[in-house]
Amino acid sequence: MSFQYEILFQADMLHSYFDSGMAKDIGFKPTLQCASLLKDYRLNFKNTSNGFLLIAEQITNDGVNWVQAAPIDVGQSFNFFAFSSRSDLLNITDANLSNFSAGRKFFFGNNAATPTTATPPARLSFDIWNGATLTSGVSLGSTNFVAAVNKSLNPFWLVMLDANANIISKTFIARNSANEIIYDKVLLTEQPLPEDIYTLQQTDALGNVLSSESFFLTDSAADVSTIGIFQIRYNAAVDAAVTAGDEIHFTAKLAARKIKWVYRIEVDQYSLPTEIPNNYNPAMLCLNSVTNTVPVLGPFTPNILPGTPTVVSFESNSAIALKESPYIGVSLQDKTNAPALNTIINNLPNPSPQLLGDAGPGNYKAEVSLKIK
């Protein structure tokens with residue numbers, strides 16, 4: 001009998017913010033349960049620059065026909081924590097920040113409906129996420145799950161659904177003689193639940209859903225750098241690809257966040273009579289042209305701030321995608337002698353992703369403040 005090792009799966013995180021199109025400053029590690037499974041199935045885990053590999057041990061008796069040393073059971077899941085050294089990863093990612101508050105993480109995983117992309121001669125990519133806005137996060141919880149009752153909703157039932165939306169528990173919320181909810185928290189099952197993704201619903205007496213929240217339940221402790229969970233579910237489609245000998249990729253593509261840019265320019269005024277003629281007039285400032293149109297980025301709208309006649313702001317008319325390499329060529333000009341323009345600053349800095357501000361539901365902006373004289 002002979003042995004060899006071959007890549008079974010490759011997971012890739014892509015991100016349009018980065019020049020290479022691949023996510024940076026990100027890593028993965030198996031949960032404790034997953035690490036145990038990897039040993040059982042004789043799989044080796046290895047991080048790559050933007051994802052990870054699962055490498056399978058293979059055996060042969062004739063030197064020609066190779067098979068996995070420990071075939072994987074259909075329906076098995078392998079779960080990995082994703083972590084990042086970037087504190088602003090969510091800021092640069094097209095995600096609804098409010099839905100990732102309170103420690104919520106992203107969750108990527110394949111299921112029976114996951115689309116695939118076939119690349120000749122024999123590469124198959126399971127497209128787990130296609131660059132859409134990340135609209136919801138998951139909370140982490142223990143497999144000995146204790147549900148918090150939202151008393152403000154006055155629910156009657158706690159309903160737990162598995163990854164396939166099957167009901168695995170339905171628990172009546174105990175009440176006293178005054179019909180008041182007794183407990184703040186309820187243990188849903190006597191036995192620990194398998195490590196996986198779940199949905200907790202709180203419903204009224206008729207079963208109408210009052211609230212719904214996703215949980216990833218695990219016995220592993222996540223550290224502060226954990227940003228999400230990447231799950232590979234070995235379902236029938238994956239098994240068929242393995243049997244066919246395809247090169248299998250699981251791909252999650254994130255999109256860069258688009259934000260409004262704001263330049264806030266404060267004009268420091270000279271006070272000496274001989275210097276006053278040198279003062280800039282905020283109303284005569286512009287970006288790149290008299291129409292405030294910046295190449296690539298588009299038009300900006302100027303605004304003299306009320307009560308601050310020496311301050312002018314320029315806000316981009318459209319949201320601009322953040323990117324790793326800064327946009328070059330945003331210039332501050334004086335149009336007093338238009339059509340001739342006097343360049344004050346050639347390359348204004350780009351807004352920092354760490355300074356995002358709310359600009360209405362699902363919209364964000366970042367400001368650059370400058371003072372000139």
# chains A, B, ... in the order shown; residues from 1 in each chain; ligands from 1
call {"tool": "select_by_dssp", "arguments": {"residues": "range 149-251 of chain A", "states": "alpha helix (DSSP H)", "output": "list in words"}}
result
Ala236, Ala237, Val238, Asp239, Ala240, Ala241, Val242 and Thr243 of chain A
call {"tool": "write_last_selection", "arguments": {"atoms": "N, CA and C atoms", "output": "PDB file, in the first residue's frame"}}
result
ATOM      1  N   ALA A 236     -24.111  16.447  -1.185  1.00  0.00           N
ATOM      2  CA  ALA A 236     -24.088  15.579  -2.366  1.00  0.00           C
ATOM      3  C   ALA A 236     -23.357  16.228  -3.540  1.00  0.00           C
ATOM      4  N   ALA A 237     -23.517  17.556  -3.689  1.00  0.00           N
ATOM      5  CA  ALA A 237     -22.857  18.238  -4.806  1.00  0.00           C
ATOM      6  C   ALA A 237     -21.343  18.223  -4.645  1.00  0.00           C
ATOM      7  N   VAL A 238     -20.873  18.412  -3.409  1.00  0.00           N
ATOM      8  CA  VAL A 238     -19.438  18.378  -3.153  1.00  0.00           C
ATOM      9  C   VAL A 238     -18.913  16.957  -3.342  1.00  0.00           C
ATOM     10  N   ASP A 239     -19.660  15.985  -2.850  1.00  0.00           N
ATOM     11  CA  ASP A 239     -19.242  14.587  -2.998  1.00  0.00           C
ATOM     12  C   ASP A 239     -19.122  14.209  -4.471  1.00  0.00           C
ATOM     13  N   ALA A 240     -20.070  14.680  -5.292  1.00  0.00           N
ATOM     14  CA  ALA A 240     -20.021  14.371  -6.724  1.00  0.00           C
ATOM     15  C   ALA A 240     -18.783  14.985  -7.370  1.00  0.00           C
ATOM     16  N   ALA A 241     -18.427  16.208  -6.944  1.00  0.00           N
ATOM     17  CA  ALA A 241     -17.232  16.860  -7.495  1.00  0.00           C
ATOM     18  C   ALA A 241     -15.964  16.132  -7.082  1.00  0.00           C
ATOM     19  N   VAL A 242     -15.935  15.650  -5.835  1.00  0.00           N
ATOM     20  CA  VAL A 242     -14.781  14.873  -5.369  1.00  0.00           C
ATOM     21  C   VAL A 242     -14.658  13.584  -6.163  1.00  0.00           C
ATOM     22  N   THR A 243     -15.788  12.916  -6.368  1.00  0.00           N
ATOM     23  CA  THR A 243     -15.791  11.658  -7.121  1.00  0.00           C
ATOM     24  C   THR A 243     -15.326  11.868  -8.556  1.00  0.00           C
TER      25      THR A 243
END
call {"tool": "residues_around", "arguments": {"residues": "Met13 in chain A", "least_positions_apart": "5", "cutoff": "7 Å", "atoms": "only C-alpha atoms", "output": "list in words"}}
result
Met22, Ala23, Asn50, Gly51, Thr251, Ala252 and Lys253 of chain A
call {"tool": "write_last_selection", "arguments": {"atoms": "C-alpha atoms", "output": "tab-separated table (two decimals), in the first residue's frame"}}
result
chain	number	residue	atom	x	y	z
A	22	MET	CA	-7.68	38.92	-2.86
A	23	ALA	CA	-8.39	39.53	0.82
A	50	ASN	CA	-6.23	34.61	1.38
A	51	GLY	CA	-7.83	31.36	2.50
A	251	THR	CA	-15.14	31.17	-2.89
A	252	ALA	CA	-16.48	34.08	-0.89
A	253	LYS	CA	-16.19	37.44	-2.65
call {"tool": "residues_around", "arguments": {"residues": "Ala56 in chain A", "least_positions_apart": "5", "cutoff": "9 Å", "atoms": "only C-alpha atoms", "output": "PyMOL selection string"}}
result
chain A and resi 4-9+41-44+68-70
call {"tool": "residues_around", "arguments": {"residues": "Thr218 in chain A", "least_positions_apart": "6", "cutoff": "12 Å", "atoms": "only C-alpha atoms", "output": "ChimeraX atom specification"}}
result
/A:30-34,78-81,139-145,192-198,229
call {"tool": "write_last_selection", "arguments": {"atoms": "N, CA and C atoms", "output": "mmCIF file, in the first residue's frame"}}
result
data_model
loop_
_atom_site.group_PDB
_atom_site.id
_atom_site.type_symbol
_atom_site.label_atom_id
_atom_site.label_comp_id
_atom_site.auth_asym_id
_atom_site.auth_seq_id
_atom_site.Cartn_x
_atom_site.Cartn_y
_atom_site.Cartn_z
ATOM 1 N N PRO A 30 -9.425 25.987 12.358
ATOM 2 C CA PRO A 30 -10.581 25.111 12.607
ATOM 3 C C PRO A 30 -11.070 25.243 14.040
ATOM 4 N N THR A 31 -12.371 25.079 14.223
ATOM 5 C CA THR A 31 -12.905 25.004 15.577
ATOM 6 C C THR A 31 -12.383 23.715 16.225
ATOM 7 N N LEU A 32 -12.568 23.587 17.520
ATOM 8 C CA LEU A 32 -12.101 22.385 18.207
ATOM 9 C C LEU A 32 -12.750 21.131 17.634
ATOM 10 N N GLN A 33 -14.047 21.200 17.372
ATOM 11 C CA GLN A 33 -14.742 20.045 16.808
ATOM 12 C C GLN A 33 -14.219 19.753 15.413
ATOM 13 N N CYS A 34 -13.997 20.809 14.623
ATOM 14 C CA CYS A 34 -13.497 20.628 13.267
ATOM 15 C C CYS A 34 -12.093 20.017 13.289
ATOM 16 N N PHE A 78 -17.498 21.133 8.131
ATOM 17 C CA PHE A 78 -16.210 21.555 8.671
ATOM 18 C C PHE A 78 -16.273 23.065 8.884
ATOM 19 N N ASN A 79 -16.042 23.490 10.123
ATOM 20 C CA ASN A 79 -16.208 24.897 10.480
ATOM 21 C C ASN A 79 -14.878 25.532 10.865
ATOM 22 N N PHE A 80 -14.673 26.749 10.364
ATOM 23 C CA PHE A 80 -13.420 27.460 10.585
ATOM 24 C C PHE A 80 -13.713 28.892 11.029
ATOM 25 N N PHE A 81 -12.995 29.343 12.049
ATOM 26 C CA PHE A 81 -13.056 30.748 12.428
ATOM 27 C C PHE A 81 -12.190 31.551 11.455
ATOM 28 N N SER A 139 -24.640 35.631 15.761
ATOM 29 C CA SER A 139 -24.081 35.677 17.108
ATOM 30 C C SER A 139 -23.480 34.315 17.441
ATOM 31 N N LEU A 140 -22.453 34.325 18.270
ATOM 32 C CA LEU A 140 -21.844 33.075 18.706
ATOM 33 C C LEU A 140 -22.508 32.609 19.998
ATOM 34 N N GLY A 141 -22.686 31.294 20.101
ATOM 35 C CA GLY A 141 -23.285 30.745 21.306
ATOM 36 C C GLY A 141 -22.751 29.357 21.579
ATOM 37 N N SER A 142 -23.045 28.844 22.755
ATOM 38 C CA SER A 142 -22.605 27.512 23.148
ATOM 39 C C SER A 142 -23.558 26.463 22.604
ATOM 40 N N THR A 143 -23.035 25.235 22.364
ATOM 41 C CA THR A 143 -23.892 24.134 21.935
ATOM 42 C C THR A 143 -24.878 23.743 23.046
ATOM 43 N N ASN A 144 -24.561 24.075 24.291
ATOM 44 C CA ASN A 144 -25.543 24.004 25.382
ATOM 45 C C ASN A 144 -26.290 25.339 25.405
ATOM 46 N N PHE A 145 -27.145 25.517 24.425
ATOM 47 C CA PHE A 145 -27.676 26.847 24.148
ATOM 48 C C PHE A 145 -28.770 27.248 25.129
ATOM 49 N N PRO A 192 -26.551 18.747 24.267
ATOM 50 C CA PRO A 192 -25.905 19.771 23.443
ATOM 51 C C PRO A 192 -26.293 19.615 21.971
ATOM 52 N N LEU A 193 -26.419 20.720 21.292
ATOM 53 C CA LEU A 193 -26.718 20.699 19.867
ATOM 54 C C LEU A 193 -25.423 20.511 19.078
ATOM 55 N N PRO A 194 -25.492 19.909 17.898
ATOM 56 C CA PRO A 194 -24.295 19.803 17.068
ATOM 57 C C PRO A 194 -23.783 21.188 16.668
ATOM 58 N N GLU A 195 -22.488 21.320 16.527
ATOM 59 C CA GLU A 195 -21.916 22.594 16.084
ATOM 60 C C GLU A 195 -22.451 22.925 14.698
ATOM 61 N N ASP A 196 -23.093 24.079 14.579
ATOM 62 C CA ASP A 196 -23.678 24.446 13.286
ATOM 63 C C ASP A 196 -24.319 25.819 13.395
ATOM 64 N N ILE A 197 -24.951 26.226 12.294
ATOM 65 C CA ILE A 197 -25.685 27.488 12.230
ATOM 66 C C ILE A 197 -27.157 27.215 12.548
ATOM 67 N N TYR A 198 -27.780 28.084 13.360
ATOM 68 C CA TYR A 198 -29.170 27.912 13.773
ATOM 69 C C TYR A 198 -29.880 29.260 13.737
ATOM 70 N N ILE A 229 -17.245 33.111 10.438
ATOM 71 C CA ILE A 229 -17.168 31.660 10.342
ATOM 72 C C ILE A 229 -17.265 31.278 8.878
#
call {"tool": "closest_residue", "arguments": {"among": "A:Asn154, A:Gln269, A:Asn347, A:Thr199", "to": "Asn288 in chain A", "atoms": "only C-alpha atoms"}}
result
A:Asn347
call {"tool": "residues_around", "arguments": {"residues": "range 333-340 of chain A", "least_positions_apart": "4", "cutoff": "8 Å", "atoms": "only C-alpha atoms", "output": "list of chain:residue names"}}
result
A:Tyr280, A:Met284, A:Leu285, A:Cys286, A:Leu287, A:Asn288, A:Ser289, A:Val290, A:Ile344, A:Ile345
call {"tool": "select_by_dssp", "arguments": {"residues": "range 34-273 of chain A", "states": "strand (DSSP E)", "output": "number ranges by chain"}}
result
A: 43-47, 51-60, 67-68, 76-84, 106-109, 116-119, 123-130, 139-141, 146-148, 157-161, 167-172, 185-187, 196-203, 209-217, 226-234, 247-254, 258-267
call {"tool": "atom_distance", "arguments": {"atom1": "CA of Lys258 in chain A", "atom2": "CA of Ile320 in chain A"}}
result
4.8 Å
call {"tool": "closest_residue", "arguments": {"among": "A:Phe215, A:Phe300, A:Tyr327, A:Phe172", "to": "Arg104 in chain A", "atoms": "only C-alpha atoms"}}
result
A:Phe215
call {"tool": "closest_residue", "arguments": {"among": "A:Val186, A:Leu297, A:Leu348, A:Leu305", "to": "Lys260 in chain A", "atoms": "only C-alpha atoms"}}
result
A:Leu297
call {"tool": "decode", "arguments": {"residues": "range 81-116 of chain A", "atoms": "N, CA and C atoms", "output": "PDB file, in the first residue's frame"}}
result
ATOM      1  N   PHE A  81     -12.995  29.343  12.049  1.00  0.00           N
ATOM      2  CA  PHE A  81     -13.056  30.748  12.428  1.00  0.00           C
ATOM      3  C   PHE A  81     -12.190  31.551  11.455  1.00  0.00           C
ATOM      4  N   ALA A  82     -12.707  32.689  11.031  1.00  0.00           N
ATOM      5  CA  ALA A  82     -11.916  33.639  10.250  1.00  0.00           C
ATOM      6  C   ALA A  82     -11.500  34.767  11.180  1.00  0.00           C
ATOM      7  N   PHE A  83     -10.255  35.201  11.077  1.00  0.00           N
ATOM      8  CA  PHE A  83      -9.789  36.299  11.911  1.00  0.00           C
ATOM      9  C   PHE A  83      -8.977  37.270  11.063  1.00  0.00           C
ATOM     10  N   SER A  84      -8.848  38.483  11.535  1.00  0.00           N
ATOM     11  CA  SER A  84      -8.154  39.518  10.767  1.00  0.00           C
ATOM     12  C   SER A  84      -7.351  40.407  11.698  1.00  0.00           C
ATOM     13  N   SER A  85      -6.206  40.855  11.195  1.00  0.00           N
ATOM     14  CA  SER A  85      -5.383  41.807  11.941  1.00  0.00           C
ATOM     15  C   SER A  85      -5.800  43.242  11.658  1.00  0.00           C
ATOM     16  N   ARG A  86      -6.760  43.413  10.747  1.00  0.00           N
ATOM     17  CA  ARG A  86      -7.254  44.755  10.418  1.00  0.00           C
ATOM     18  C   ARG A  86      -8.440  45.097  11.314  1.00  0.00           C
ATOM     19  N   SER A  87      -8.348  46.225  11.988  1.00  0.00           N
ATOM     20  CA  SER A  87      -9.469  46.665  12.820  1.00  0.00           C
ATOM     21  C   SER A  87     -10.578  47.300  11.984  1.00  0.00           C
ATOM     22  N   ASP A  88     -10.269  47.612  10.732  1.00  0.00           N
ATOM     23  CA  ASP A  88     -11.249  48.309   9.893  1.00  0.00           C
ATOM     24  C   ASP A  88     -11.788  47.426   8.764  1.00  0.00           C
ATOM     25  N   LEU A  89     -11.695  46.101   8.905  1.00  0.00           N
ATOM     26  CA  LEU A  89     -12.130  45.237   7.815  1.00  0.00           C
ATOM     27  C   LEU A  89     -13.600  45.455   7.475  1.00  0.00           C
ATOM     28  N   LEU A  90     -14.459  45.562   8.476  1.00  0.00           N
ATOM     29  CA  LEU A  90     -15.871  45.805   8.189  1.00  0.00           C
ATOM     30  C   LEU A  90     -16.085  47.190   7.600  1.00  0.00           C
ATOM     31  N   ASN A  91     -15.238  48.140   7.979  1.00  0.00           N
ATOM     32  CA  ASN A  91     -15.372  49.492   7.434  1.00  0.00           C
ATOM     33  C   ASN A  91     -15.121  49.523   5.932  1.00  0.00           C
ATOM     34  N   ILE A  92     -14.172  48.721   5.465  1.00  0.00           N
ATOM     35  CA  ILE A  92     -13.843  48.743   4.037  1.00  0.00           C
ATOM     36  C   ILE A  92     -14.714  47.782   3.243  1.00  0.00           C
ATOM     37  N   THR A  93     -15.573  47.046   3.934  1.00  0.00           N
ATOM     38  CA  THR A  93     -16.402  46.031   3.285  1.00  0.00           C
ATOM     39  C   THR A  93     -17.836  46.511   3.167  1.00  0.00           C
ATOM     40  N   ASP A  94     -18.465  46.182   2.047  1.00  0.00           N
ATOM     41  CA  ASP A  94     -19.864  46.544   1.836  1.00  0.00           C
ATOM     42  C   ASP A  94     -20.737  45.717   2.776  1.00  0.00           C
ATOM     43  N   ALA A  95     -20.964  46.266   3.953  1.00  0.00           N
ATOM     44  CA  ALA A  95     -21.728  45.568   4.988  1.00  0.00           C
ATOM     45  C   ALA A  95     -22.540  46.587   5.770  1.00  0.00           C
ATOM     46  N   ASN A  96     -23.696  46.161   6.235  1.00  0.00           N
ATOM     47  CA  ASN A  96     -24.518  47.008   7.091  1.00  0.00           C
ATOM     48  C   ASN A  96     -23.954  46.932   8.505  1.00  0.00           C
ATOM     49  N   LEU A  97     -23.257  47.963   8.924  1.00  0.00           N
ATOM     50  CA  LEU A  97     -22.532  47.927  10.192  1.00  0.00           C
ATOM     51  C   LEU A  97     -23.446  47.683  11.392  1.00  0.00           C
ATOM     52  N   SER A  98     -24.660  48.215  11.358  1.00  0.00           N
ATOM     53  CA  SER A  98     -25.556  48.059  12.502  1.00  0.00           C
ATOM     54  C   SER A  98     -25.910  46.596  12.744  1.00  0.00           C
ATOM     55  N   ASN A  99     -25.878  45.782  11.688  1.00  0.00           N
ATOM     56  CA  ASN A  99     -26.207  44.363  11.834  1.00  0.00           C
ATOM     57  C   ASN A  99     -25.012  43.527  12.288  1.00  0.00           C
ATOM     58  N   PHE A 100     -23.860  44.170  12.453  1.00  0.00           N
ATOM     59  CA  PHE A 100     -22.675  43.466  12.937  1.00  0.00           C
ATOM     60  C   PHE A 100     -22.231  44.037  14.286  1.00  0.00           C
ATOM     61  N   SER A 101     -23.156  44.669  14.972  1.00  0.00           N
ATOM     62  CA  SER A 101     -22.877  45.176  16.312  1.00  0.00           C
ATOM     63  C   SER A 101     -23.053  44.048  17.318  1.00  0.00           C
ATOM     64  N   ALA A 102     -22.761  44.331  18.570  1.00  0.00           N
ATOM     65  CA  ALA A 102     -22.940  43.367  19.668  1.00  0.00           C
ATOM     66  C   ALA A 102     -22.202  42.060  19.408  1.00  0.00           C
ATOM     67  N   GLY A 103     -21.042  42.152  18.744  1.00  0.00           N
ATOM     68  CA  GLY A 103     -20.206  40.970  18.562  1.00  0.00           C
ATOM     69  C   GLY A 103     -20.636  40.028  17.459  1.00  0.00           C
ATOM     70  N   ARG A 104     -21.568  40.425  16.623  1.00  0.00           N
ATOM     71  CA  ARG A 104     -22.010  39.544  15.542  1.00  0.00           C
ATOM     72  C   ARG A 104     -20.893  39.373  14.500  1.00  0.00           C
ATOM     73  N   LYS A 105     -20.882  38.199  13.865  1.00  0.00           N
ATOM     74  CA  LYS A 105     -19.866  37.841  12.885  1.00  0.00           C
ATOM     75  C   LYS A 105     -20.519  37.544  11.533  1.00  0.00           C
ATOM     76  N   PHE A 106     -19.712  37.550  10.471  1.00  0.00           N
ATOM     77  CA  PHE A 106     -20.261  37.085   9.206  1.00  0.00           C
ATOM     78  C   PHE A 106     -20.225  35.560   9.185  1.00  0.00           C
ATOM     79  N   PHE A 107     -21.084  34.971   8.361  1.00  0.00           N
ATOM     80  CA  PHE A 107     -21.116  33.520   8.190  1.00  0.00           C
ATOM     81  C   PHE A 107     -21.195  33.205   6.708  1.00  0.00           C
ATOM     82  N   PHE A 108     -20.240  32.405   6.238  1.00  0.00           N
ATOM     83  CA  PHE A 108     -20.254  31.946   4.855  1.00  0.00           C
ATOM     84  C   PHE A 108     -20.286  30.423   4.864  1.00  0.00           C
ATOM     85  N   GLY A 109     -21.197  29.855   4.103  1.00  0.00           N
ATOM     86  CA  GLY A 109     -21.268  28.405   4.018  1.00  0.00           C
ATOM     87  C   GLY A 109     -22.032  27.979   2.779  1.00  0.00           C
ATOM     88  N   ASN A 110     -21.704  26.830   2.266  1.00  0.00           N
ATOM     89  CA  ASN A 110     -22.398  26.313   1.091  1.00  0.00           C
ATOM     90  C   ASN A 110     -23.587  25.461   1.513  1.00  0.00           C
ATOM     91  N   ASN A 111     -24.556  25.374   0.615  1.00  0.00           N
ATOM     92  CA  ASN A 111     -25.706  24.500   0.828  1.00  0.00           C
ATOM     93  C   ASN A 111     -26.124  23.939  -0.523  1.00  0.00           C
ATOM     94  N   ALA A 112     -27.258  23.251  -0.559  1.00  0.00           N
ATOM     95  CA  ALA A 112     -27.687  22.603  -1.800  1.00  0.00           C
ATOM     96  C   ALA A 112     -27.956  23.606  -2.917  1.00  0.00           C
ATOM     97  N   ALA A 113     -28.251  24.852  -2.548  1.00  0.00           N
ATOM     98  CA  ALA A 113     -28.585  25.861  -3.561  1.00  0.00           C
ATOM     99  C   ALA A 113     -27.390  26.717  -3.971  1.00  0.00           C
ATOM    100  N   THR A 114     -26.208  26.470  -3.416  1.00  0.00           N
ATOM    101  CA  THR A 114     -25.041  27.293  -3.741  1.00  0.00           C
ATOM    102  C   THR A 114     -24.684  27.174  -5.227  1.00  0.00           C
ATOM    103  N   PRO A 115     -24.631  28.306  -5.951  1.00  0.00           N
ATOM    104  CA  PRO A 115     -24.264  28.227  -7.374  1.00  0.00           C
ATOM    105  C   PRO A 115     -22.806  27.825  -7.553  1.00  0.00           C
ATOM    106  N   THR A 116     -22.519  27.233  -8.693  1.00  0.00           N
ATOM    107  CA  THR A 116     -21.158  26.809  -8.993  1.00  0.00           C
ATOM    108  C   THR A 116     -20.694  27.409 -10.309  1.00  0.00           C
TER     109      THR A 116
END
